[in-house]
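As stored in model_26.cif (mmCIF, C-alpha atoms):
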data_my_file
loop_
_atom_site.group_PDB
_atom_site.id
_atom_site.type_symbol
_atom_site.label_atom_id
_atom_site.label_comp_id
_atom_site.auth_asym_id
_atom_site.auth_seq_id
_atom_site.Cartn_x
_atom_site.Cartn_y
_atom_site.Cartn_z
ATOM 1 C CA MET D 1 85.113 47.662 136.564
ATOM 2 C CA THR D 2 85.334 47.358 132.811
ATOM 3 C CA ILE D 3 85.309 50.643 130.904
ATOM 4 C CA ILE D 4 82.955 50.352 127.954
ATOM 5 C CA THR D 5 83.632 52.159 124.694
ATOM 6 C CA ASP D 6 81.204 55.005 125.404
ATOM 7 C CA ASP D 7 82.826 55.699 128.801
ATOM 8 C CA MET D 8 86.246 55.577 127.184
ATOM 9 C CA GLY D 9 85.191 58.252 124.726
ATOM 10 C CA LYS D 10 83.929 60.548 127.490
ATOM 11 C CA LEU D 11 87.142 60.138 129.459
ATOM 12 C CA LEU D 12 89.132 60.760 126.311
ATOM 13 C CA GLU D 13 87.212 63.952 125.510
ATOM 14 C CA ALA D 14 88.127 65.562 128.826
ATOM 15 C CA GLY D 15 91.819 64.757 128.383
ATOM 16 C CA VAL D 16 91.863 65.824 124.734
ATOM 17 C CA LYS D 17 90.206 69.146 125.579
ATOM 18 C CA THR D 18 92.875 69.882 128.181
ATOM 19 C CA LEU D 19 95.590 68.845 125.728
ATOM 20 C CA PHE D 20 94.128 71.072 123.015
ATOM 21 C CA PHE D 21 94.083 74.275 125.058
ATOM 22 C CA LYS D 22 97.510 73.568 126.556
ATOM 23 C CA ALA D 23 98.963 73.184 123.058
ATOM 24 C CA TYR D 24 97.060 76.265 121.861
ATOM 25 C CA GLU D 25 98.557 78.489 124.555
ATOM 26 C CA GLU D 26 102.068 77.195 123.882
ATOM 27 C CA VAL D 27 102.033 78.101 120.178
ATOM 28 C CA PRO D 28 103.957 81.390 119.609
ATOM 29 C CA ALA D 29 101.706 84.123 118.213
ATOM 30 C CA GLN D 30 102.801 87.397 116.647
ATOM 31 C CA TYR D 31 99.405 88.985 116.051
ATOM 32 C CA GLN D 32 98.999 89.899 119.724
ATOM 33 C CA ASP D 33 101.686 92.593 119.412
ATOM 34 C CA ILE D 34 99.884 94.609 116.745
ATOM 35 C CA VAL D 35 96.137 94.262 117.341
ATOM 36 C CA THR D 36 93.573 95.702 119.710
ATOM 37 C CA VAL D 37 91.229 92.952 120.875
ATOM 38 C CA VAL D 38 87.644 94.232 120.925
ATOM 39 C CA PRO D 39 84.851 92.104 122.455
ATOM 40 C CA SER D 40 81.790 91.939 120.237
ATOM 41 C CA ALA D 41 78.145 91.584 121.301
ATOM 42 C CA THR D 42 76.468 91.342 117.904
ATOM 43 C CA GLN D 43 77.004 90.119 114.347
ATOM 44 C CA THR D 44 78.430 93.453 113.133
ATOM 45 C CA GLU D 45 80.149 96.213 115.098
ATOM 46 C CA ASN D 46 80.311 99.847 113.981
ATOM 47 C CA TYR D 47 83.520 101.832 114.550
ATOM 48 C CA GLY D 48 82.225 105.340 113.867
ATOM 49 C CA TRP D 49 84.528 106.733 116.568
ATOM 50 C CA LEU D 50 87.657 106.019 114.522
ATOM 51 C CA GLY D 51 89.176 109.228 113.213
ATOM 52 C CA SER D 52 88.030 111.368 116.127
ATOM 53 C CA LEU D 53 90.510 110.353 118.796
ATOM 54 C CA PRO D 54 90.252 112.720 121.796
ATOM 55 C CA SER D 55 92.792 115.452 122.582
ATOM 56 C CA MET D 56 93.116 117.715 125.605
ATOM 57 C CA ARG D 57 92.179 121.424 125.418
ATOM 58 C CA GLU D 58 92.211 124.273 127.894
ATOM 59 C CA TRP D 59 88.978 124.359 129.909
ATOM 60 C CA VAL D 60 88.052 128.030 129.736
ATOM 61 C CA ASP D 61 84.262 128.088 130.040
ATOM 62 C CA GLU D 62 82.402 124.889 129.271
ATOM 63 C CA ARG D 63 83.428 121.438 128.157
ATOM 64 C CA VAL D 64 83.409 120.889 124.394
ATOM 65 C CA PRO D 65 82.341 117.292 123.701
ATOM 66 C CA ARG D 66 84.005 115.658 120.693
ATOM 67 C CA GLY D 67 81.345 114.218 118.429
ATOM 68 C CA LEU D 68 81.842 111.396 115.975
ATOM 69 C CA LEU D 69 82.950 112.184 112.453
ATOM 70 C CA SER D 70 80.759 111.053 109.590
ATOM 71 C CA HIS D 71 82.329 107.615 109.223
ATOM 72 C CA ASP D 72 80.474 104.341 108.927
ATOM 73 C CA PHE D 73 83.086 101.614 109.277
ATOM 74 C CA THR D 74 81.971 98.144 110.353
ATOM 75 C CA ILE D 75 83.530 94.751 111.010
ATOM 76 C CA GLN D 76 81.325 91.698 110.548
ATOM 77 C CA ASN D 77 82.067 88.585 112.554
ATOM 78 C CA LYS D 78 82.746 85.291 110.785
ATOM 79 C CA ASP D 79 82.542 81.670 111.911
ATOM 80 C CA TRP D 80 85.722 79.575 111.911
ATOM 81 C CA GLU D 81 86.314 75.899 112.672
ATOM 82 C CA VAL D 82 88.929 73.171 112.619
ATOM 83 C CA THR D 83 88.008 69.487 113.049
ATOM 84 C CA VAL D 84 89.791 66.139 113.094
ATOM 85 C CA ALA D 85 88.303 62.660 112.741
ATOM 86 C CA VAL D 86 89.644 59.765 114.824
ATOM 87 C CA ASP D 87 88.888 56.153 113.919
ATOM 88 C CA ARG D 88 87.114 54.354 116.745
ATOM 89 C CA ASN D 89 89.637 51.523 116.567
ATOM 90 C CA VAL D 90 92.400 53.974 117.492
ATOM 91 C CA VAL D 91 90.481 54.822 120.678
ATOM 92 C CA GLU D 92 89.682 51.203 121.475
ATOM 93 C CA ASP D 93 93.310 50.183 120.895
ATOM 94 C CA ASP D 94 94.433 52.941 123.253
ATOM 95 C CA GLN D 95 96.700 54.609 120.690
ATOM 96 C CA TYR D 96 96.647 57.887 122.542
ATOM 97 C CA GLY D 97 99.906 59.053 120.979
ATOM 98 C CA GLN D 98 98.276 59.274 117.553
ATOM 99 C CA ILE D 99 95.316 61.198 118.929
ATOM 100 C CA LYS D 100 97.626 63.537 120.832
ATOM 101 C CA MET D 101 99.580 64.481 117.705
ATOM 102 C CA ARG D 102 96.420 65.208 115.713
ATOM 103 C CA VAL D 103 94.906 67.339 118.478
ATOM 104 C CA GLN D 104 98.131 69.292 118.942
ATOM 105 C CA ALA D 105 98.253 69.938 115.195
ATOM 106 C CA MET D 106 94.660 71.152 115.355
ATOM 107 C CA ALA D 107 95.543 73.565 118.169
ATOM 108 C CA GLU D 108 98.511 74.873 116.204
ATOM 109 C CA GLU D 109 96.254 75.493 113.201
ATOM 110 C CA ALA D 110 93.722 77.422 115.305
ATOM 111 C CA ARG D 111 96.460 79.677 116.687
ATOM 112 C CA ARG D 112 98.233 80.014 113.343
ATOM 113 C CA HIS D 113 95.031 81.145 111.672
ATOM 114 C CA LEU D 114 94.931 84.324 113.756
ATOM 115 C CA ASP D 115 98.454 85.238 112.655
ATOM 116 C CA GLN D 116 97.560 84.562 109.031
ATOM 117 C CA LEU D 117 94.351 86.602 109.194
ATOM 118 C CA VAL D 118 96.006 89.615 110.845
ATOM 119 C CA PHE D 119 99.109 89.823 108.640
ATOM 120 C CA GLU D 120 97.171 89.203 105.436
ATOM 121 C CA LEU D 121 94.933 92.111 106.449
ATOM 122 C CA LEU D 122 97.984 94.312 106.965
ATOM 123 C CA ALA D 123 99.317 93.367 103.516
ATOM 124 C CA SER D 124 95.934 94.169 101.947
ATOM 125 C CA GLY D 125 96.063 97.714 103.302
ATOM 126 C CA PHE D 126 97.343 99.097 99.994
ATOM 127 C CA SER D 127 93.971 98.340 98.393
ATOM 128 C CA SER D 128 91.471 97.642 101.201
ATOM 129 C CA LYS D 129 89.606 100.618 102.641
ATOM 130 C CA CYS D 130 89.606 101.861 106.226
ATOM 131 C CA TYR D 131 87.190 104.143 108.109
ATOM 132 C CA ASP D 132 87.719 107.269 105.940
ATOM 133 C CA GLY D 133 86.880 105.493 102.683
ATOM 134 C CA LYS D 134 90.498 105.573 101.479
ATOM 135 C CA SER D 135 92.874 102.639 101.288
ATOM 136 C CA PHE D 136 94.374 101.981 104.724
ATOM 137 C CA PHE D 137 97.746 102.941 103.227
ATOM 138 C CA ALA D 138 97.057 106.029 101.105
ATOM 139 C CA ALA D 139 98.790 109.251 100.078
ATOM 140 C CA ASN D 140 95.691 111.429 100.505
ATOM 141 C CA HIS D 141 94.193 110.909 103.947
ATOM 142 C CA ALA D 142 92.501 114.073 105.228
ATOM 143 C CA GLU D 143 89.921 114.852 107.910
ATOM 144 C CA GLY D 144 88.894 118.063 109.626
ATOM 145 C CA LYS D 145 91.861 120.410 109.982
ATOM 146 C CA SER D 146 94.554 117.747 109.485
ATOM 147 C CA GLY D 147 95.470 118.662 105.926
ATOM 148 C CA VAL D 148 96.432 115.985 103.401
ATOM 149 C CA GLN D 149 98.621 113.292 104.969
ATOM 150 C CA SER D 150 100.296 110.178 103.589
ATOM 151 C CA ASN D 151 101.052 106.881 105.305
ATOM 152 C CA ARG D 152 102.150 105.179 102.102
ATOM 153 C CA GLY D 153 105.578 105.003 100.502
ATOM 154 C CA THR D 154 107.333 103.200 97.671
ATOM 155 C CA ALA D 155 110.895 102.945 99.001
ATOM 156 C CA ALA D 156 112.772 99.690 99.458
ATOM 157 C CA LEU D 157 113.757 98.970 103.047
ATOM 158 C CA SER D 158 116.932 100.797 104.073
ATOM 159 C CA ALA D 159 118.051 102.883 107.004
ATOM 160 C CA ALA D 160 117.185 106.064 105.085
ATOM 161 C CA ALA D 161 113.718 104.783 104.123
ATOM 162 C CA TYR D 162 113.095 103.638 107.691
ATOM 163 C CA ALA D 163 114.046 107.108 108.954
ATOM 164 C CA ALA D 164 111.715 108.781 106.429
ATOM 165 C CA ALA D 165 108.749 106.591 107.378
ATOM 166 C CA ARG D 166 109.410 107.161 111.056
ATOM 167 C CA ALA D 167 109.579 110.953 110.582
ATOM 168 C CA ALA D 168 106.351 110.979 108.547
ATOM 169 C CA MET D 169 104.437 109.108 111.260
ATOM 170 C CA MET D 170 105.692 111.396 114.014
ATOM 171 C CA GLN D 171 104.301 114.391 112.114
ATOM 172 C CA PHE D 172 100.743 113.089 111.723
ATOM 173 C CA LYS D 173 98.031 115.502 112.920
ATOM 174 C CA ASP D 174 94.524 114.830 114.204
ATOM 175 C CA ASP D 175 91.294 116.296 112.847
ATOM 176 C CA GLN D 176 91.921 119.450 114.909
ATOM 177 C CA GLY D 177 95.286 120.009 113.251
ATOM 178 C CA LYS D 178 97.260 119.077 116.377
ATOM 179 C CA PRO D 179 100.236 116.690 116.414
ATOM 180 C CA MET D 180 99.141 113.220 117.519
ATOM 181 C CA GLY D 181 102.453 112.320 119.146
ATOM 182 C CA VAL D 182 102.783 109.058 117.256
ATOM 183 C CA ILE D 183 106.011 107.193 118.016
ATOM 184 C CA PRO D 184 106.625 104.112 115.821
ATOM 185 C CA ASP D 185 107.805 101.071 117.752
ATOM 186 C CA THR D 186 107.384 98.001 115.510
ATOM 187 C CA LEU D 187 108.939 97.140 112.145
ATOM 188 C CA VAL D 188 107.080 94.364 110.273
ATOM 189 C CA VAL D 189 108.772 92.632 107.336
ATOM 190 C CA PRO D 190 108.534 89.469 105.205
ATOM 191 C CA PRO D 191 111.241 86.807 105.649
ATOM 192 C CA SER D 192 113.179 88.125 102.647
ATOM 193 C CA LEU D 193 113.854 91.420 104.457
ATOM 194 C CA GLU D 194 114.777 90.016 107.868
ATOM 195 C CA GLU D 195 118.528 90.478 107.401
ATOM 196 C CA THR D 196 118.160 94.093 106.287
ATOM 197 C CA ALA D 197 115.752 94.835 109.122
ATOM 198 C CA ARG D 198 118.065 93.335 111.739
ATOM 199 C CA GLN D 199 120.959 95.417 110.434
ATOM 200 C CA ILE D 200 118.879 98.586 110.774
ATOM 201 C CA LEU D 201 117.657 97.804 114.284
ATOM 202 C CA ASN D 202 120.636 95.943 115.781
ATOM 203 C CA SER D 203 123.852 97.131 114.105
ATOM 204 C CA ASP D 204 126.244 99.341 116.079
ATOM 205 C CA TYR D 205 127.181 101.165 112.881
ATOM 206 C CA TYR D 206 125.021 102.798 110.249
ATOM 207 C CA PRO D 207 124.032 100.021 107.805
ATOM 208 C CA ALA D 208 125.323 101.602 104.601
ATOM 209 C CA PRO D 209 128.735 101.009 102.939
ATOM 210 C CA SER D 210 129.538 104.706 102.699
ATOM 211 C CA MET D 211 128.852 105.239 106.431
ATOM 212 C CA GLU D 212 130.314 102.078 107.896
ATOM 213 C CA HIS D 213 132.164 103.979 110.656
ATOM 214 C CA VAL D 214 129.204 106.164 111.682
ATOM 215 C CA GLY D 215 127.131 105.183 114.708
ATOM 216 C CA ASN D 216 123.683 103.757 114.017
ATOM 217 C CA PRO D 217 120.996 106.097 115.456
ATOM 218 C CA TRP D 218 118.240 103.520 114.814
ATOM 219 C CA LYS D 219 119.678 100.727 116.937
ATOM 220 C CA GLY D 220 116.968 99.557 119.327
ATOM 221 C CA SER D 221 114.419 102.060 117.995
ATOM 222 C CA ALA D 222 111.782 99.394 117.264
ATOM 223 C CA ARG D 223 111.073 95.734 117.776
ATOM 224 C CA LEU D 224 111.126 93.459 114.766
ATOM 225 C CA VAL D 225 108.292 91.189 113.609
ATOM 226 C CA VAL D 226 109.046 88.816 110.716
ATOM 227 C CA SER D 227 105.865 87.254 109.339
ATOM 228 C CA PRO D 228 105.768 84.331 106.887
ATOM 229 C CA TYR D 229 102.292 85.505 105.865
ATOM 230 C CA LEU D 230 103.689 88.586 104.117
ATOM 231 C CA THR D 231 104.208 87.238 100.608
ATOM 232 C CA ASP D 232 105.281 90.416 98.775
ATOM 233 C CA ALA D 233 109.005 90.109 99.286
ATOM 234 C CA ASP D 234 109.856 93.818 99.167
ATOM 235 C CA ASP D 235 106.966 95.406 101.080
ATOM 236 C CA TRP D 236 107.423 96.463 104.696
ATOM 237 C CA PHE D 237 105.512 98.224 107.450
ATOM 238 C CA LEU D 238 106.181 100.504 110.411
ATOM 239 C CA LEU D 239 103.625 100.532 113.238
ATOM 240 C CA CYS D 240 102.823 102.314 116.477
ATOM 241 C CA THR D 241 101.431 99.734 118.912
ATOM 242 C CA SER D 242 101.787 101.525 122.238
ATOM 243 C CA ARG D 243 98.498 103.435 122.129
ATOM 244 C CA ALA D 244 95.126 102.358 123.526
ATOM 245 C CA VAL D 245 93.966 101.632 119.977
ATOM 246 C CA ARG D 246 96.380 99.777 117.722
ATOM 247 C CA PRO D 247 96.445 99.918 113.908
ATOM 248 C CA LEU D 248 94.597 96.605 113.514
ATOM 249 C CA ILE D 249 91.508 95.310 115.322
ATOM 250 C CA LEU D 250 90.724 91.718 116.282
ATOM 251 C CA GLN D 251 86.999 91.604 116.981
ATOM 252 C CA VAL D 252 85.924 88.573 119.048
ATOM 253 C CA ARG D 253 82.276 87.564 119.206
ATOM 254 C CA ARG D 254 82.852 84.116 120.739
ATOM 255 C CA GLU D 255 86.085 82.738 122.123
ATOM 256 C CA LEU D 256 87.507 79.451 120.912
ATOM 257 C CA THR D 257 85.561 76.429 122.204
ATOM 258 C CA PHE D 258 86.336 72.722 121.991
ATOM 259 C CA ARG D 259 83.670 70.129 121.169
ATOM 260 C CA ALA D 260 83.475 66.372 120.627
ATOM 261 C CA LEU D 261 81.128 64.079 118.726
ATOM 262 C CA GLU D 262 81.699 60.490 119.760
ATOM 263 C CA GLY D 263 80.154 57.366 121.248
ATOM 264 C CA ASP D 264 76.716 56.602 119.777
ATOM 265 C CA SER D 265 76.623 59.732 117.627
ATOM 266 C CA GLU D 266 75.833 59.338 113.931
ATOM 267 C CA THR D 267 79.499 59.436 112.951
ATOM 268 C CA GLY D 268 80.390 56.966 115.678
ATOM 269 C CA PHE D 269 77.582 54.569 114.831
ATOM 270 C CA MET D 270 77.520 54.828 111.021
ATOM 271 C CA ARG D 271 81.135 55.652 110.155
ATOM 272 C CA LYS D 272 83.119 54.320 113.130
ATOM 273 C CA ARG D 273 84.652 57.758 113.679
ATOM 274 C CA TYR D 274 84.877 60.200 116.563
ATOM 275 C CA LEU D 275 85.094 63.901 115.736
ATOM 276 C CA TYR D 276 86.995 66.506 117.745
ATOM 277 C CA GLY D 277 86.842 70.147 116.766
ATOM 278 C CA ALA D 278 87.266 73.742 117.801
ATOM 279 C CA ASP D 279 85.309 76.743 116.627
ATOM 280 C CA ALA D 280 85.020 80.469 117.246
ATOM 281 C CA ARG D 281 83.491 83.680 115.877
ATOM 282 C CA TYR D 282 85.757 86.617 115.137
ATOM 283 C CA ASN D 283 87.131 88.829 112.393
ATOM 284 C CA VAL D 284 89.769 91.472 111.818
ATOM 285 C CA GLY D 285 89.647 95.036 110.519
ATOM 286 C CA PHE D 286 91.605 98.249 110.301
ATOM 287 C CA GLY D 287 92.047 100.653 113.187
ATOM 288 C CA PRO D 288 93.468 104.193 112.880
ATOM 289 C CA TRP D 289 95.617 104.537 109.758
ATOM 290 C CA GLN D 290 97.749 107.128 111.593
ATOM 291 C CA PHE D 291 99.386 104.307 113.562
ATOM 292 C CA ALA D 292 100.773 102.520 110.492
ATOM 293 C CA TYR D 293 103.005 103.294 107.516
ATOM 294 C CA GLY D 294 103.264 100.915 104.576
ATOM 295 C CA ASN D 295 105.847 100.795 101.795
ATOM 296 C CA GLN D 296 104.800 98.989 98.643
ATOM 297 C CA VAL D 297 107.878 98.759 96.489
ATOM 298 C CA SER D 298 107.258 99.166 92.773
ATOM 299 C CA SER D 299 108.554 96.291 90.650
#
Would you kindly transcribe this structure into structure tokens?
Amino acid sequence: MTIITDDMGKLLEAGVKTLFFKAYEEVPAQYQDIVTVVPSATQTENYGWLGSLPSMREWVDERVPRGLLSHDFTIQNKDWEVTVAVDRNVVEDDQYGQIKMRVQAMAEEARRHLDQLVFELLASGFSSKCYDGKSFFAANHAEGKSGVQSNRGTAALSAAAYAAARAAMMQFKDDQGKPMGVIPDTLVVPPSLEETARQILNSDYYPAPSMEHVGNPWKGSARLVVSPYLTDADDWFLLCTSRAVRPLILQVRRELTFRALEGDSETGFMRKRYLYGADARYNVGFGPWQFAYGNQVSS
């Protein structure tokens, strides 16, 4: 039986869809290590519970429910898409290799976009606000009985600066004035600081000329994430990602879907083109600032 053009397009769509999602899953992604994925059921989600993380207390008489603090922090979902156009002649001439490369590139772009969105958000934390109305990285966070606390520094990356940021995070207190037990586990740097970061986390000896024969106490103390989407060459970040809520939130309203417009569609009929695209609804936002420490180095 002869396969007509319209049938060919339908057969192609099924194969291209499978190819797209296979390529998508194979693309390495760094964002997954530092975000909490939150399903969304509406256009905008409110995160009023941030800043009032629960803590245990002795049960003497009655339970004491923890109410929400007076925060009004929301994340609004956005629509995202990526589309490629394929000339009908390419389909008719069975040039599947060309189509395959374009679809794989489209899948890589969809995956890459999540990395870009997340790490650009992290870098914006020196000026963008979080749930308490302060910049995500600020020197004057305070709520309840916590006292004034800082998760922002200005030191260039070094073993001493890493140790100072780590110590500051481990001393953070909640709104009841109790230690939160934060243990940093992830160092995030731009490509320009990769060598320095690897020396701090991997060297057997303390990475400083004056202490070259002293053991390195920070070896293996955190995993390293090097992001090409961090464009400020000297800024670096220390995160705690082991808690139920991570420092950044990826809010997903609709998962990635794959669609095709082909055959006798308007583009197929009028412009001799088939369209293949993917789209989703999601956005990113800040979680608890206590799980992140940012150093913005002054120029």
Spell out the residues picked by the PyMOL selection byres ((chain D and resi 150) around 6) here, as a ChimeraX atom specification.
-> /D:138-140,149,151-152
So how far away is CA of Tyr205 (chain D) from CA of Thr186 (chain D), in Å?
->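 So the two atoms, CA of Thr186 (chain D) and CA of Tyr205 (chain D), lie 20.2 Å apart.
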Would you mind reading off the distance between CA of Ala292 (chain D) and CA of Trp236 (chain D), one decimal, in Å?
->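 That distance, rounded to one decimal, is 10.7 Å.
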So how far away is CA of Ala160 (chain D) from CA of Met211 (chain D), in Å?
->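 One can read the CA of Met211 (chain D) to CA of Ala160 (chain D) distance as 11.8 Å.
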Expanded to explicit residues, what is the PyMOL selection byres ((chain D and resi 107) around 12) for this file, as a PyMOL selection string?
-> chain D and resi 16-28+81-84+100-106+108-114+256-258+276-279
From the set D:Cys130, D:Asn77, D:Ser242, D:Pro228, which residue has the shortest atom-to-atom contact distance to Val38 (chain D), counting only C-alpha atoms?
-> D:Asn77
Out of D:Lys272, D:Arg223, D:Lys129, D:Arg198, which residue has the shortest atom-to-atom distance to Gly285 (chain D) when counting only C-alpha atoms?
-> D:Lys129
